[in-house]
$ cat input_1.cif   # mmCIF, C-alpha atoms
data_work
loop_
_atom_site.label_atom_id
_atom_site.label_comp_id
_atom_site.auth_asym_id
_atom_site.auth_seq_id
_atom_site.Cartn_x
_atom_site.Cartn_y
_atom_site.Cartn_z
CA MET A 1 -5.03 -27.01 -2.49
CA LEU A 2 -2.08 -27.38 -0.11
CA ALA A 3 0.53 -24.61 0.22
CA SER A 4 3.13 -26.86 -1.44
CA GLU A 5 0.78 -27.50 -4.38
CA SER A 6 0.06 -23.79 -4.66
CA LYS A 7 3.78 -23.05 -4.77
CA GLN A 8 4.25 -25.56 -7.59
CA HIS A 9 1.32 -24.00 -9.44
CA TYR A 10 3.10 -20.62 -9.54
CA LEU A 11 6.45 -22.17 -10.43
CA SER A 12 4.84 -24.09 -13.31
CA SER A 13 3.01 -20.98 -14.49
CA TYR A 14 6.29 -19.07 -14.54
CA ARG A 15 8.11 -21.73 -16.50
CA GLU A 16 5.23 -22.07 -18.95
CA TYR A 17 5.20 -18.40 -19.84
CA TYR A 18 8.71 -17.08 -19.26
CA GLY A 19 10.64 -20.27 -19.86
CA ASN A 20 9.54 -20.78 -23.47
CA GLY A 21 10.46 -17.38 -24.90
CA ARG A 22 6.92 -16.04 -25.15
CA SER A 23 7.85 -13.07 -23.02
CA ARG A 24 10.03 -10.49 -24.72
CA SER A 25 12.28 -9.03 -22.03
CA PRO A 26 15.78 -7.52 -22.03
CA ALA A 27 18.55 -9.71 -20.67
CA TRP A 28 18.84 -7.84 -17.35
CA LEU A 29 15.10 -8.32 -16.69
CA LYS A 30 15.25 -12.02 -17.53
CA ALA A 31 18.07 -12.39 -15.01
CA LEU A 32 16.05 -10.47 -12.40
CA ARG A 33 13.00 -12.65 -12.99
CA GLU A 34 15.07 -15.82 -12.64
CA SER A 35 16.61 -14.58 -9.40
CA ALA A 36 13.17 -13.70 -8.04
CA ILE A 37 11.50 -17.00 -8.92
CA GLY A 38 14.48 -18.75 -7.36
CA SER A 39 13.87 -16.79 -4.15
CA PHE A 40 10.20 -17.73 -4.22
CA ASP A 41 11.08 -21.40 -4.75
CA ARG A 42 13.43 -21.27 -1.76
CA LEU A 43 11.13 -19.30 0.54
CA GLY A 44 7.71 -20.74 -0.26
CA PHE A 45 4.58 -19.09 1.07
CA PRO A 46 4.81 -17.79 4.65
CA THR A 47 3.01 -19.60 7.45
CA ARG A 48 1.98 -18.65 10.96
CA ASN A 49 5.23 -20.17 12.16
CA ASP A 50 6.94 -17.12 10.63
CA GLU A 51 7.03 -14.35 13.22
CA GLU A 52 6.07 -11.66 10.68
CA TRP A 53 2.96 -13.67 9.72
CA LYS A 54 2.02 -14.89 13.18
CA TYR A 55 -1.50 -13.42 13.09
CA THR A 56 -2.25 -13.77 9.37
CA SER A 57 -2.88 -16.98 7.47
CA VAL A 58 -2.41 -16.92 3.70
CA GLU A 59 -4.41 -20.15 3.36
CA PRO A 60 -7.31 -18.29 1.65
CA ILE A 61 -4.81 -17.42 -1.12
CA THR A 62 -2.86 -20.66 -1.33
CA SER A 63 -5.98 -22.86 -1.22
CA GLN A 64 -7.09 -21.57 -4.63
CA SER A 65 -5.60 -21.58 -8.09
CA PHE A 66 -5.21 -18.13 -9.66
CA GLU A 67 -4.35 -17.50 -13.31
CA ARG A 68 -2.45 -14.56 -14.77
CA GLY A 69 -5.03 -11.88 -15.56
CA ARG A 70 -4.22 -10.35 -18.92
CA GLN A 71 -7.48 -9.30 -20.57
CA PRO A 72 -8.98 -6.02 -19.33
CA GLU A 73 -12.71 -6.03 -18.77
CA ALA A 74 -14.93 -3.17 -20.00
CA VAL A 75 -15.57 -0.52 -17.36
CA SER A 76 -16.73 3.09 -17.52
CA ALA A 77 -14.57 6.02 -16.49
CA GLU A 78 -17.37 7.26 -14.23
CA THR A 79 -17.34 4.02 -12.23
CA VAL A 80 -13.57 4.04 -11.86
CA LEU A 81 -13.45 7.67 -10.76
CA ALA A 82 -16.30 7.30 -8.27
CA ARG A 83 -14.88 4.18 -6.62
CA SER A 84 -11.39 5.68 -6.37
CA PHE A 85 -12.50 9.10 -5.04
CA THR A 86 -10.84 10.77 -8.04
CA ASP A 87 -11.66 14.00 -9.91
CA ALA A 88 -12.73 13.65 -13.54
CA GLU A 89 -10.15 16.24 -14.63
CA CYS A 90 -7.17 14.90 -12.70
CA ASN A 91 -4.06 13.53 -14.36
CA ARG A 92 -4.19 9.75 -14.15
CA LEU A 93 -3.03 6.45 -15.55
CA VAL A 94 -5.59 3.66 -15.26
CA PHE A 95 -4.78 -0.05 -15.30
CA VAL A 96 -7.49 -2.71 -15.61
CA ASN A 97 -6.56 -6.28 -14.73
CA GLY A 98 -2.90 -5.35 -14.84
CA ILE A 99 -2.97 -3.65 -18.26
CA PHE A 100 -2.63 0.06 -18.98
CA VAL A 101 -5.84 1.43 -20.57
CA PRO A 102 -5.23 4.73 -22.41
CA GLN A 103 -8.96 5.31 -23.00
CA LEU A 104 -9.56 5.68 -19.26
CA SER A 105 -6.43 7.71 -18.64
CA LEU A 106 -5.84 11.46 -18.86
CA TRP A 107 -2.53 13.27 -18.99
CA ARG A 108 -2.17 16.98 -19.67
CA ASP A 109 -0.52 20.16 -18.39
CA VAL A 110 2.34 18.17 -16.87
CA PRO A 111 5.85 19.55 -17.54
CA ALA A 112 7.47 17.74 -20.44
CA LYS A 113 10.54 17.00 -18.35
CA VAL A 114 8.43 14.86 -15.99
CA ARG A 115 8.38 11.31 -17.28
CA VAL A 116 5.30 9.22 -16.57
CA GLN A 117 4.62 6.02 -18.48
CA SER A 118 3.55 2.44 -18.10
CA LEU A 119 6.15 -0.08 -17.04
CA ALA A 120 5.27 -2.29 -20.02
CA GLU A 121 6.15 0.52 -22.41
CA ALA A 122 9.44 1.19 -20.64
CA ILE A 123 10.34 -2.53 -20.76
CA GLU A 124 9.42 -2.76 -24.44
CA HIS A 125 11.88 0.03 -25.27
CA ASP A 126 14.49 -1.37 -22.83
CA ASP A 127 14.57 1.94 -20.98
CA GLN A 128 18.01 2.17 -19.36
CA ILE A 129 16.64 3.95 -16.30
CA LEU A 130 14.96 0.74 -15.15
CA ALA A 131 17.93 -1.59 -14.73
CA PRO A 132 19.73 0.23 -11.86
CA TYR A 133 16.56 1.05 -9.91
CA LEU A 134 14.00 -1.71 -10.43
CA ALA A 135 14.22 -4.09 -7.44
CA ALA A 136 16.88 -1.91 -5.82
CA CYS A 137 14.62 -1.29 -2.79
CA ALA A 138 12.16 -4.18 -2.56
CA ARG A 139 13.78 -7.18 -0.93
CA HIS A 140 12.67 -10.14 -3.00
CA GLU A 141 15.42 -12.30 -1.53
CA ARG A 142 13.64 -12.21 1.84
CA GLU A 143 9.92 -11.91 1.11
CA ALA A 144 7.96 -14.50 -0.88
CA PHE A 145 5.28 -12.15 -2.16
CA PHE A 146 7.90 -9.57 -3.20
CA ALA A 147 9.66 -12.34 -5.09
CA LEU A 148 6.44 -13.47 -6.78
CA ASN A 149 5.69 -9.93 -7.92
CA THR A 150 9.22 -9.45 -9.26
CA ALA A 151 9.04 -12.69 -11.22
CA PHE A 152 5.64 -11.95 -12.81
CA MET A 153 5.64 -8.14 -13.07
CA GLU A 154 4.79 -6.76 -16.50
CA ASP A 155 3.00 -3.44 -16.06
CA GLY A 156 2.53 -0.60 -13.63
CA ALA A 157 3.54 3.04 -13.32
CA VAL A 158 6.98 4.56 -13.87
CA VAL A 159 7.40 8.11 -12.55
CA ILE A 160 10.60 10.13 -12.93
CA VAL A 161 10.55 13.68 -11.59
CA PRO A 162 13.76 15.60 -12.37
CA SER A 163 15.56 17.89 -9.94
CA GLU A 164 14.00 21.19 -8.86
CA CYS A 165 10.55 20.39 -10.25
CA ARG A 166 7.52 21.29 -8.14
CA LEU A 167 4.21 19.81 -9.25
CA GLU A 168 1.09 21.41 -7.83
CA ALA A 169 -1.44 18.90 -9.13
CA PRO A 170 -1.31 15.31 -7.83
CA LEU A 171 -0.48 12.36 -10.08
CA HIS A 172 -3.06 9.55 -9.83
CA PHE A 173 -2.49 5.87 -10.63
CA ILE A 174 -5.59 3.67 -10.49
CA PHE A 175 -5.50 -0.14 -10.53
CA VAL A 176 -8.83 -1.85 -11.20
CA SER A 177 -9.44 -5.56 -10.64
CA MET A 178 -12.34 -7.31 -12.38
CA ALA A 179 -12.22 -11.09 -12.13
CA GLY A 180 -15.43 -12.04 -13.89
CA ASP A 181 -15.83 -15.84 -13.91
CA ARG A 182 -12.07 -16.50 -13.61
CA ARG A 183 -9.80 -16.43 -10.59
CA ILE A 184 -7.05 -14.05 -11.64
CA ALA A 185 -3.74 -12.93 -10.14
CA LEU A 186 -2.40 -9.44 -10.82
CA TYR A 187 1.13 -8.11 -10.21
CA PRO A 188 1.28 -4.29 -10.45
CA ARG A 189 4.83 -2.92 -10.14
CA ASN A 190 5.53 0.79 -9.69
CA LEU A 191 8.82 2.68 -9.74
CA MET A 192 8.96 6.30 -8.60
CA LEU A 193 12.09 8.46 -8.63
CA VAL A 194 11.89 12.00 -7.26
CA GLY A 195 14.87 14.25 -7.96
CA ALA A 196 16.68 16.60 -5.62
CA GLY A 197 14.67 19.63 -4.51
CA SER A 198 11.47 18.45 -6.19
CA GLU A 199 7.95 18.30 -4.75
CA VAL A 200 5.24 15.88 -5.82
CA LYS A 201 1.95 14.35 -4.67
CA ILE A 202 1.29 10.77 -5.77
CA VAL A 203 -1.97 8.85 -5.31
CA GLU A 204 -2.22 5.08 -5.81
CA SER A 205 -5.73 3.65 -5.78
CA TYR A 206 -6.63 -0.06 -5.81
CA LEU A 207 -10.24 -1.04 -6.30
CA GLY A 208 -12.22 -4.14 -7.10
CA LEU A 209 -15.37 -4.26 -9.20
CA GLY A 210 -17.82 -7.13 -9.42
CA THR A 211 -18.06 -10.20 -7.22
CA GLY A 212 -15.29 -12.34 -8.71
CA ASN A 213 -12.39 -13.82 -6.78
CA TYR A 214 -8.93 -12.32 -7.44
CA PHE A 215 -5.48 -11.84 -5.93
CA VAL A 216 -3.45 -8.62 -6.19
CA ASP A 217 0.27 -8.74 -5.38
CA ALA A 218 1.51 -5.14 -5.71
CA VAL A 219 4.93 -3.56 -5.10
CA THR A 220 5.91 0.11 -5.19
CA GLU A 221 9.51 1.30 -4.98
CA LEU A 222 10.15 4.97 -4.27
CA ILE A 223 13.41 6.91 -4.04
CA GLY A 224 13.48 10.49 -2.75
CA GLU A 225 16.65 12.43 -3.45
CA GLU A 226 18.15 15.25 -1.38
CA ASN A 227 15.73 17.99 -0.23
CA SER A 228 12.75 16.46 -2.05
CA VAL A 229 9.21 16.64 -0.62
CA ILE A 230 6.92 13.69 -1.34
CA ASP A 231 3.27 13.22 -0.37
CA TYR A 232 2.27 9.64 -1.10
CA TYR A 233 -1.33 8.37 -0.80
CA ARG A 234 -2.54 4.81 -1.04
CA VAL A 235 -6.29 4.17 -1.14
CA GLN A 236 -7.29 0.51 -1.11
CA ARG A 237 -10.91 -0.48 -1.75
CA GLU A 238 -10.90 -4.04 -2.99
CA GLY A 239 -13.98 -6.18 -3.56
CA ASP A 240 -15.48 -8.46 -0.93
CA ALA A 241 -13.79 -11.47 -2.55
CA GLY A 242 -10.50 -9.71 -3.26
CA PHE A 243 -7.14 -10.66 -1.71
CA HIS A 244 -4.56 -7.89 -1.60
CA VAL A 245 -0.90 -8.20 -0.59
CA ALA A 246 1.14 -5.04 -1.15
CA ALA A 247 4.51 -3.53 -0.35
CA LEU A 248 5.84 0.01 -0.34
CA ASP A 249 9.63 0.26 -0.11
CA ALA A 250 10.97 3.82 0.14
CA ARG A 251 14.54 5.14 0.33
CA LEU A 252 14.99 8.70 1.58
CA ASN A 253 18.17 10.66 1.09
CA ARG A 254 19.48 13.75 2.89
CA ASN A 255 16.74 16.16 4.07
CA CYS A 256 14.06 14.32 2.10
CA HIS A 257 10.59 14.76 3.61
CA PHE A 258 8.23 11.87 2.94
CA THR A 259 4.61 11.61 4.09
CA SER A 260 2.51 8.50 3.50
CA HIS A 261 -1.26 8.23 3.96
CA ALA A 262 -2.61 4.65 3.86
CA VAL A 263 -6.40 4.26 3.66
CA THR A 264 -7.73 0.68 3.75
CA LEU A 265 -11.48 0.41 3.27
CA ALA A 266 -12.32 -3.09 1.99
CA GLY A 267 -11.07 -6.52 0.99
CA ALA A 268 -11.42 -10.10 2.20
CA LEU A 269 -7.75 -10.40 3.18
CA VAL A 270 -5.39 -7.43 3.04
CA ARG A 271 -1.71 -7.29 3.94
CA ASN A 272 0.16 -3.97 3.67
CA ASP A 273 3.94 -3.91 4.16
CA VAL A 274 5.65 -0.53 4.43
CA HIS A 275 9.43 -0.24 4.70
CA VAL A 276 11.10 3.17 4.84
CA ALA A 277 14.88 3.62 5.04
CA LEU A 278 16.02 7.06 6.20
CA GLU A 279 19.42 6.95 4.56
CA GLY A 280 20.26 10.65 4.64
CA GLU A 281 20.98 12.93 7.54
CA GLY A 282 18.02 15.16 8.42
CA SER A 283 15.48 13.11 6.47
CA GLU A 284 11.90 12.85 7.78
CA CYS A 285 9.19 10.23 7.47
CA ILE A 286 5.53 10.55 8.49
CA LEU A 287 3.25 7.51 8.23
CA ASN A 288 -0.50 8.01 8.68
CA GLY A 289 -2.94 5.14 8.34
CA ILE A 290 -6.62 4.35 8.79
CA TYR A 291 -8.22 0.92 8.33
CA LEU A 292 -11.93 0.13 8.56
CA LEU A 293 -13.11 -3.47 8.93
CA ASP A 294 -16.45 -5.19 9.17
CA GLY A 295 -17.96 -8.55 8.25
CA HIS A 296 -15.18 -11.17 8.22
CA GLN A 297 -12.51 -8.91 6.74
CA HIS A 298 -8.88 -9.31 7.78
CA VAL A 299 -6.38 -6.42 7.47
CA ASP A 300 -2.72 -6.72 8.47
CA ASN A 301 -0.51 -3.60 8.52
CA HIS A 302 3.24 -4.13 8.89
CA THR A 303 5.49 -1.07 8.99
CA GLU A 304 9.26 -0.84 9.42
CA ILE A 305 11.17 2.43 9.66
CA GLU A 306 14.95 2.25 9.60
CA HIS A 307 16.96 5.20 10.91
CA ARG A 308 20.40 4.83 9.36
CA ARG A 309 21.82 8.37 9.62
CA PRO A 310 21.86 11.10 12.30
CA ARG A 311 19.20 13.72 12.97
CA ALA A 312 16.39 12.00 11.14
CA ARG A 313 12.81 12.02 12.38
CA SER A 314 9.84 9.69 12.00
CA PHE A 315 6.26 10.00 13.21
CA GLU A 316 3.69 7.26 12.80
CA LEU A 317 -0.04 7.18 13.56
CA TYR A 318 -2.23 4.23 12.52
CA LYS A 319 -5.86 3.95 13.56
CA GLY A 320 -8.32 1.11 13.10
CA ILE A 321 -12.10 0.82 13.49
CA LEU A 322 -13.33 -2.77 13.64
CA SER A 323 -16.89 -4.05 13.69
CA GLY A 324 -18.67 -7.33 12.94
CA ASN A 325 -16.15 -10.18 12.95
CA GLY A 326 -13.34 -8.04 11.56
CA HIS A 327 -9.76 -8.93 12.53
CA GLY A 328 -6.99 -6.37 12.42
CA VAL A 329 -3.22 -6.65 12.85
CA PHE A 330 -0.71 -3.88 13.40
CA ASN A 331 2.99 -4.66 13.63
CA GLY A 332 5.14 -1.53 13.64
CA LYS A 333 8.90 -1.61 14.04
CA ILE A 334 11.37 1.25 14.39
CA ILE A 335 15.05 0.39 14.02
CA VAL A 336 17.67 2.95 15.07
CA HIS A 337 21.12 1.94 13.84
CA LYS A 338 24.25 2.79 15.80
CA ASP A 339 25.21 5.70 13.51
CA ALA A 340 21.76 7.30 13.76
CA GLN A 341 22.43 9.59 16.73
CA LYS A 342 19.95 12.41 17.50
CA THR A 343 17.08 10.31 16.13
CA ASP A 344 13.55 11.43 16.99
CA ALA A 345 11.00 8.65 16.46
CA ARG A 346 7.44 8.24 17.67
CA GLN A 347 4.90 5.54 16.92
CA THR A 348 1.23 5.22 17.90
CA ASN A 349 -1.43 2.65 17.07
CA LYS A 350 -5.04 3.12 18.24
CA ASN A 351 -7.89 0.68 17.69
CA LEU A 352 -11.60 1.07 18.24
CA LEU A 353 -13.75 -2.07 18.59
CA LEU A 354 -17.44 -1.61 17.82
CA SER A 355 -18.57 -5.20 18.35
CA GLU A 356 -17.80 -7.99 20.79
CA HIS A 357 -16.62 -10.27 17.97
CA ALA A 358 -14.09 -7.84 16.45
CA ALA A 359 -10.45 -8.41 17.41
CA VAL A 360 -7.05 -6.83 16.85
CA ASN A 361 -3.45 -7.87 17.49
CA THR A 362 -1.05 -4.96 17.89
CA LYS A 363 2.70 -5.15 18.33
CA PRO A 364 4.71 -1.88 18.35
CA GLN A 365 8.46 -2.46 18.51
CA LEU A 366 11.67 -0.49 19.03
CA GLU A 367 15.19 -1.67 18.23
CA ILE A 368 17.70 0.96 19.32
CA TYR A 369 21.47 0.66 18.83
CA ALA A 370 22.33 4.34 19.40
CA ASP A 371 22.53 6.10 22.77
CA ASP A 372 21.47 9.69 21.98
CA VAL A 373 17.89 9.36 20.76
CA LYS A 374 14.28 10.26 21.56
CA CYS A 375 11.99 7.33 20.83
CA SER A 376 8.53 6.33 22.00
CA HIS A 377 5.82 3.90 21.00
CA GLY A 378 2.41 2.84 22.23
CA SER A 379 -0.86 1.19 21.31
CA THR A 380 -4.43 1.17 22.57
CA ILE A 381 -7.39 -1.16 22.04
CA GLY A 382 -10.77 -0.21 23.40
CA GLN A 383 -14.39 0.65 22.93
CA LEU A 384 -16.05 4.02 22.70
CA ASP A 385 -15.70 6.18 25.77
CA ALA A 386 -18.73 5.63 28.02
CA ASP A 387 -18.70 9.23 29.27
CA ALA A 388 -18.68 10.60 25.73
CA LEU A 389 -21.56 8.31 24.76
CA PHE A 390 -23.52 9.40 27.83
CA TYR A 391 -22.89 13.08 27.08
CA LEU A 392 -24.12 12.79 23.49
CA ARG A 393 -27.19 10.75 24.51
CA SER A 394 -27.99 13.32 27.17
CA ARG A 395 -28.12 15.87 24.35
CA GLY A 396 -30.82 13.95 22.49
CA LEU A 397 -28.88 11.49 20.30
CA ASP A 398 -29.79 7.81 20.42
CA PHE A 399 -27.09 5.16 20.94
CA HIS A 400 -26.41 4.49 17.25
CA GLU A 401 -26.22 8.19 16.40
CA ALA A 402 -23.78 8.79 19.25
CA GLN A 403 -21.70 5.78 18.24
CA SER A 404 -21.58 6.96 14.62
CA LEU A 405 -20.55 10.47 15.56
CA LEU A 406 -17.71 9.30 17.81
CA SER A 407 -16.51 6.74 15.25
CA TYR A 408 -16.47 9.40 12.56
CA ALA A 409 -14.43 11.72 14.80
CA PHE A 410 -11.97 8.90 15.53
CA ALA A 411 -11.37 8.23 11.81
CA SER A 412 -11.44 11.85 10.62
CA ASP A 413 -8.38 12.59 12.76
CA VAL A 414 -6.34 10.69 10.16
CA VAL A 415 -8.36 11.63 7.06
CA GLY A 416 -8.10 15.29 8.04
CA ARG A 417 -4.33 15.11 7.57
CA ILE A 418 -4.72 14.47 3.83
CA ARG A 419 -3.42 17.48 1.89
CA ILE A 420 -5.29 16.95 -1.37
CA PRO A 421 -8.58 18.82 -0.79
CA SER A 422 -10.71 16.84 -3.27
CA LEU A 423 -9.52 13.46 -1.97
CA ARG A 424 -9.97 14.53 1.64
CA ALA A 425 -13.51 15.77 0.95
CA ARG A 426 -14.55 12.57 -0.83
CA LEU A 427 -13.14 10.35 1.90
CA ASP A 428 -14.81 12.51 4.52
CA GLU A 429 -18.12 12.07 2.71
CA TYR A 430 -17.50 8.30 2.59
CA LEU A 431 -16.97 8.23 6.37
CA LEU A 432 -20.12 10.20 7.00
CA THR A 433 -22.13 7.80 4.84
CA LYS A 434 -20.56 4.70 6.34
CA PHE A 435 -21.02 5.64 9.97
CA GLY A 436 -24.38 7.19 9.29
CA ARG A 437 -25.66 3.68 8.51
CA ASN A 438 -24.47 2.18 11.79
#

$ encode --input "input_1.cif" --output "structure tokens"
Amino acid sequence: MLASESKQHYLSSYREYYGNGRSRSPAWLKALRESAIGSFDRLGFPTRNDEEWKYTSVEPITSQSFERGRQPEAVSAETVLARSFTDAECNRLVFVNGIFVPQLSLWRDVPAKVRVQSLAEAIEHDDQILAPYLAACARHEREAFFALNTAFMEDGAVVIVPSECRLEAPLHFIFVSMAGDRRIALYPRNLMLVGAGSEVKIVESYLGLGTGNYFVDAVTELIGEENSVIDYYRVQREGDAGFHVAALDARLNRNCHFTSHAVTLAGALVRNDVHVALEGEGSECILNGIYLLDGHQHVDNHTEIEHRRPRARSFELYKGILSGNGHGVFNGKIIVHKDAQKTDARQTNKNLLLSEHAAVNTKPQLEIYADDVKCSHGSTIGQLDADALFYLRSRGLDFHEAQSLLSYAFASDVVGRIRIPSLRARLDEYLLTKFGRN
């Protein structure tokens, strides 16, 4: 299927479902959908001629025909929890093939004033909180996959934490894809609003089960109000035949402290877009990421941090370990606007290649329009240190054991920064198992 034919397939699918009145949506959402599908029609799918997609071809997605996935497949809670590194007793909403599944979810001991529900439920009741915030951050006018998600979104997580509310236990949202014998497309949409002075930990997990072919187009919008503290975790473990394109768009107000941990473990083609706007003076953003590739996997991480007000800080560390024929991409951009004096911004990308066929393209960028700032960026691509390998082998380890130990240490630098003990321990165990097999 050509890209133009694929575009028409999605346009026809939209008109078939939303153009004939089968979808019950409030007027404001219908207008938003129409605007988004219009943007998608105008933009079309990106190609390698687009600078932001220079190293990633979406041909594996556009060459196939995906249908809207609406029927959840049967899956056990034990399987979901194990694959997503989640505790059995944790508070969670679980979505299977884009649909909220109460039987797999658990919600207790959360303050009544904290609102957590499925997006479908909020839309059904025409919740007035949605209209001013949904699509306020994500830029569907400029990004085709954002537009596609906005046009087709139906379910996902809505989180509203009021002011001065500190939650000790993390909130988990798990999205399971199970294609079966159909090629399905899923469009999770999440909206998270954290009030002034509040603290919260949020975990999004995406996992694929089975061997079927599927396409996930996910968007999360997050707004942190003044003096809020937000720990956001995104664990992505799609199936070997799963395509995953996702966006996180965050807006941080005055003195908001936001930390993101992105863990990418599997998937045939993965694209992660992160955009953070530091809109308040004194706000802080920390982006940590680890991506592990083998086989013929392709992972593309795009991050953009905008400093719009004075005295804001951002720190970014992304690490990749690539083996087999894995191909990684890192494109990180920091933009310092002219009013963002006293900015402190640092960005680092490090990549470890474990095979001669693995490859990575890295492109750190700075755009600075202010004159009183501290900014730095850098990237490295290399193999394991020969001296370190020699030292470990001189102590009795063979080559593969030494390689595994050094690879584990390289990855655990990022995993060790996770501040949810159970999640950190399970990911640490996963790393030990993975590199123990090498």

$ residues_near_point --input "input_1.cif" --point "(-0.3, -18.9, -15.3)" --cutoff "8 Å" --atoms "all atoms listed in the file" --output "VMD selection string"
chain A and resid 9 to 10 12 to 14 16 to 17 66 to 68

$ resolve_selection --input "input_1.cif" --expression "the PyMOL selection byres ((chain A and resi 298) around 10)" --output "PyMOL selection string"
chain A and resi 55-57+243+266-271+292-297+299-300+322+325-329+359-360

$ residues_near_point --input "input_1.cif" --point "(-15.5, 4.4, 15.5)" --cutoff "6 Å" --atoms "all atoms listed in the file" --output "list in words"
Ile321, Leu352, Leu406, Ser407, Tyr408 and Phe410 of chain A

$ closest_residue --input "input_1.cif" --among "A:Ile202, A:Leu252, A:Val216, A:Leu32" --to "Gly69 in chain A" --atoms "only C-alpha atoms"
A:Val216

$ resolve_selection --input "input_1.cif" --expression "the PyMOL selection byres ((chain A and resi 182) around 8)" --output "PyMOL selection string"
chain A and resi 67+179-181+183-184+212-213

$ decode --input "input_1.cif" --residues "range 245-291 of chain A" --atoms "C-alpha atoms" --output "short mmCIF file (atom, residue, chain, number, x, y, z; two decimals), in the first residue's frame"
data_model
loop_
_atom_site.label_atom_id
_atom_site.label_comp_id
_atom_site.auth_asym_id
_atom_site.auth_seq_id
_atom_site.Cartn_x
_atom_site.Cartn_y
_atom_site.Cartn_z
CA VAL A 245 4.12 6.06 17.91
CA ALA A 246 3.62 8.13 21.05
CA ALA A 247 3.71 11.71 22.26
CA LEU A 248 4.01 13.28 25.69
CA ASP A 249 3.22 17.00 25.78
CA ALA A 250 3.74 18.66 29.17
CA ARG A 251 3.17 22.24 30.32
CA LEU A 252 4.88 23.31 33.54
CA ASN A 253 3.90 26.40 35.47
CA ARG A 254 5.81 28.40 38.09
CA ASN A 255 8.12 26.28 40.29
CA CYS A 256 6.67 23.04 38.97
CA HIS A 257 9.15 20.14 39.20
CA PHE A 258 8.63 17.45 36.57
CA THR A 259 10.68 14.27 36.19
CA SER A 260 10.13 11.83 33.33
CA HIS A 261 11.56 8.30 33.08
CA ALA A 262 11.18 6.68 29.64
CA VAL A 263 11.98 2.96 29.41
CA THR A 264 11.76 1.41 25.93
CA LEU A 265 12.30 -2.35 25.87
CA ALA A 266 10.68 -3.79 22.73
CA GLY A 267 8.76 -3.14 19.53
CA ALA A 268 9.33 -3.45 15.80
CA LEU A 269 9.18 0.31 15.20
CA VAL A 270 8.94 2.78 18.06
CA ARG A 271 8.79 6.57 17.91
CA ASN A 272 8.63 8.57 21.16
CA ASP A 273 8.05 12.34 21.01
CA VAL A 274 8.45 14.33 24.21
CA HIS A 275 7.71 18.06 24.32
CA VAL A 276 8.01 19.98 27.59
CA ALA A 277 7.23 23.70 27.87
CA LEU A 278 8.64 25.40 30.98
CA GLU A 279 6.13 28.21 31.09
CA GLY A 280 6.66 29.35 34.67
CA GLU A 281 9.62 31.01 36.31
CA GLY A 282 11.68 28.60 38.39
CA SER A 283 10.17 25.46 36.85
CA GLU A 284 12.35 22.35 36.44
CA CYS A 285 12.33 19.44 34.02
CA ILE A 286 14.37 16.23 34.24
CA LEU A 287 14.20 13.72 31.39
CA ASN A 288 15.76 10.28 31.89
CA GLY A 289 15.58 7.60 29.22
CA ILE A 290 16.89 4.12 28.47
CA TYR A 291 16.27 2.18 25.26
#
